[in-house]
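**Q** Sharing entry11.txt (compact mmCIF, C-alpha atoms) below.
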```
# COMPACT_ATOMS: atom_id res chain seq x y z
CA MET Z 1 301.81 133.57 16.92
CA SER Z 2 304.00 136.58 17.71
CA GLU Z 3 302.64 140.13 18.04
CA SER Z 4 304.21 141.14 14.72
CA GLU Z 5 302.49 138.23 13.00
CA LYS Z 6 299.13 139.24 14.51
CA TYR Z 7 299.47 142.88 13.44
CA LYS Z 8 297.63 143.74 10.25
CA PRO Z 9 298.02 147.32 8.94
CA HIS Z 10 294.85 149.35 8.66
CA SER Z 11 292.75 148.75 5.53
CA ALA Z 12 294.88 145.77 4.45
CA ASP Z 13 291.76 143.77 3.65
CA TYR Z 14 290.48 146.48 1.31
CA PHE Z 15 293.44 147.00 -1.02
CA ASN Z 16 292.33 144.87 -3.94
CA GLU Z 17 290.82 145.20 -7.40
CA GLU Z 18 287.25 145.14 -6.08
CA ARG Z 19 287.84 148.50 -4.40
CA ASN Z 20 288.32 150.12 -7.82
CA PHE Z 21 284.68 149.40 -8.67
CA TRP Z 22 283.16 151.16 -5.66
CA TRP Z 23 283.12 154.50 -7.50
CA ASN Z 24 282.55 154.86 -11.23
CA GLN Z 25 284.13 157.56 -13.38
CA ASP Z 26 280.82 159.27 -14.22
CA PHE Z 27 280.01 159.73 -10.54
CA LEU Z 28 283.50 161.03 -9.76
CA GLU Z 29 283.34 163.54 -12.62
CA LEU Z 30 279.91 164.74 -11.42
CA MET Z 31 281.12 165.16 -7.84
CA GLY Z 32 284.33 166.79 -9.05
CA LYS Z 33 282.26 169.44 -10.84
CA ARG Z 34 280.05 169.98 -7.80
CA TRP Z 35 283.08 170.33 -5.52
CA GLY Z 36 284.95 172.59 -7.96
CA LEU Z 37 287.92 170.26 -8.28
CA GLU Z 38 288.87 171.92 -11.59
CA LYS Z 39 290.17 174.82 -9.45
CA VAL Z 40 292.25 172.67 -7.09
CA SER Z 41 296.03 172.81 -7.28
CA THR Z 42 296.97 170.74 -4.20
CA VAL Z 43 295.36 167.78 -2.46
CA LEU Z 44 296.33 166.20 0.86
CA ASP Z 45 295.26 162.58 1.17
CA VAL Z 46 295.38 161.78 4.90
CA GLY Z 47 295.46 158.04 5.46
CA CYS Z 48 296.37 157.54 1.80
CA GLY Z 49 297.00 153.81 2.08
CA ILE Z 50 298.40 152.64 -1.25
CA GLY Z 51 297.34 155.82 -3.06
CA HIS Z 52 294.02 154.56 -4.37
CA TRP Z 53 292.10 157.85 -4.11
CA GLY Z 54 294.94 160.02 -5.33
CA GLN Z 55 295.18 157.97 -8.49
CA ILE Z 56 291.43 157.93 -9.08
CA LEU Z 57 291.19 161.68 -8.56
CA ALA Z 58 294.11 162.27 -10.92
CA ASP Z 59 291.70 161.79 -13.84
CA ILE Z 60 289.46 164.65 -12.71
CA LEU Z 61 291.99 167.06 -11.19
CA PRO Z 62 293.79 169.67 -13.31
CA LEU Z 63 296.99 168.38 -14.92
CA ASN Z 64 299.16 170.60 -12.73
CA ALA Z 65 297.50 169.51 -9.45
CA LYS Z 66 299.78 167.94 -6.86
CA VAL Z 67 298.53 165.11 -4.65
CA THR Z 68 300.42 164.43 -1.42
CA GLY Z 69 299.59 161.35 0.60
CA ILE Z 70 300.43 160.60 4.21
CA ASP Z 71 299.79 157.46 6.18
CA LYS Z 72 300.94 156.01 9.49
CA GLU Z 73 301.92 152.79 7.70
CA ALA Z 74 305.29 153.26 6.01
CA GLN Z 75 304.66 150.23 3.77
CA TRP Z 76 301.53 151.87 2.33
CA VAL Z 77 303.37 155.11 1.57
CA GLU Z 78 306.10 153.11 -0.17
CA GLN Z 79 303.54 151.20 -2.24
CA ALA Z 80 301.64 154.41 -3.05
CA SER Z 81 304.90 155.98 -4.27
CA GLU Z 82 305.66 152.96 -6.44
CA ARG Z 83 302.13 152.98 -7.90
CA ALA Z 84 302.32 156.73 -8.63
CA LYS Z 85 305.70 156.31 -10.35
CA ALA Z 86 304.34 153.44 -12.47
CA LEU Z 87 301.33 155.57 -13.43
CA MET Z 88 303.55 158.50 -14.39
CA ASP Z 89 305.85 156.21 -16.39
CA ALA Z 90 302.84 154.81 -18.26
CA CYS Z 91 301.57 158.33 -19.03
CA ILE Z 92 304.93 159.43 -20.41
CA ARG Z 93 305.08 156.55 -22.89
```
Could you render the structure as structure tokens?
**A**
Amino acid sequence: MSESEKYKPHSADYFNEERNFWWNQDFLELMGKRWGLEKVSTVLDVGCGIGHWGQILADILPLNAKVTGIDKEAQWVEQASERAKALMDACIR
């Protein structure tokens, strides 16, 4: 097996539907109130992976809030961008 075949990007095993159930909406809304997220206008998601947290937080952040994600894995940033675009397209419809 070559080195490139052995390499597995960080968190690859955790990007699945099960991850969406780790945090429920009620808990996120409660924590958002405690943290004052209603006053936030920008969020930096370091190690964003496929954009999981940015999308979950989108429901509790103000509508004009901007979420920017960075990750060392270019493939995750690309997937996060695609997921964000699909979410925005769905919201516009």
**Q** Taking only C-alpha atoms into account, which of Z:Ala12, Z:Val77, Z:Ala65, Z:Ile56 comes nearest Leu37 (chain Z)?
**A**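 Closest to Leu37 (chain Z) of all the choices is Z:Ala65.
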**Q** So which residues touch Ile60 (chain Z) within 10 Å, counting all atoms listed in the file, skipping near sequence neighbours fewer than 5 positions away, as a JSON list (two decimals) with C-alpha atoms, in the frame of the given file?
**A**
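Saved result, selection-v2.json, follows:
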```
[["chain", "number", "residue", "atom", "x", "y", "z"],
["Z", 25, "GLN", "CA", 284.13, 157.56, -13.38],
["Z", 28, "LEU", "CA", 283.50, 161.03, -9.76],
["Z", 29, "GLU", "CA", 283.34, 163.54, -12.62],
["Z", 30, "LEU", "CA", 279.91, 164.74, -11.42],
["Z", 31, "MET", "CA", 281.12, 165.16, -7.84],
["Z", 32, "GLY", "CA", 284.33, 166.79, -9.05],
["Z", 33, "LYS", "CA", 282.26, 169.44, -10.84],
["Z", 37, "LEU", "CA", 287.92, 170.26, -8.28],
["Z", 38, "GLU", "CA", 288.87, 171.92, -11.59],
["Z", 55, "GLN", "CA", 295.18, 157.97, -8.49],
["Z", 65, "ALA", "CA", 297.50, 169.51, -9.45]]
```
**Q** Considering all atoms listed in the file, state which residue in the set Z:Lys85, Z:Lys8, Z:Ile92, Z:Ala80 is at the smallest distance from Trp53 (chain Z).
**A**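 The closest residue to Trp53 (chain Z) is Z:Ala80.
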**Q** So which residues touch Lys72 (chain Z) within 10 Å, counting all atoms listed in the file, skipping near sequence neighbours fewer than 6 positions away, as a list of chain:residue names?
**A**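 So, after excluding close chain neighbours, the residues are Z:Pro9, Z:His10, Z:Val46, Z:Gly47, Z:Cys48, Z:Gly49.
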**Q** With a distance cut-off of 9 Å and all atoms listed in the file, select the neighbouring residues of Gly54 (chain Z), excluding the residue or stretch itself and same-chain residues fewer than 3 positions from it, and output the selection as a list of chain:residue names.
**A**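 In the requested form, the answer reads Z:Val43, Z:Leu44, Z:Asp45, Z:Cys48, Z:Gly51, Z:Leu57, Z:Ala58, Z:Val67, Z:Thr68, Z:Gly69, Z:Ala84.
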**Q** Please compute the CA of Leu63 (chain Z)-CA of Trp35 (chain Z) distance, one decimal, in Å.
**A**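 These two atoms are separated by 16.9 Å.
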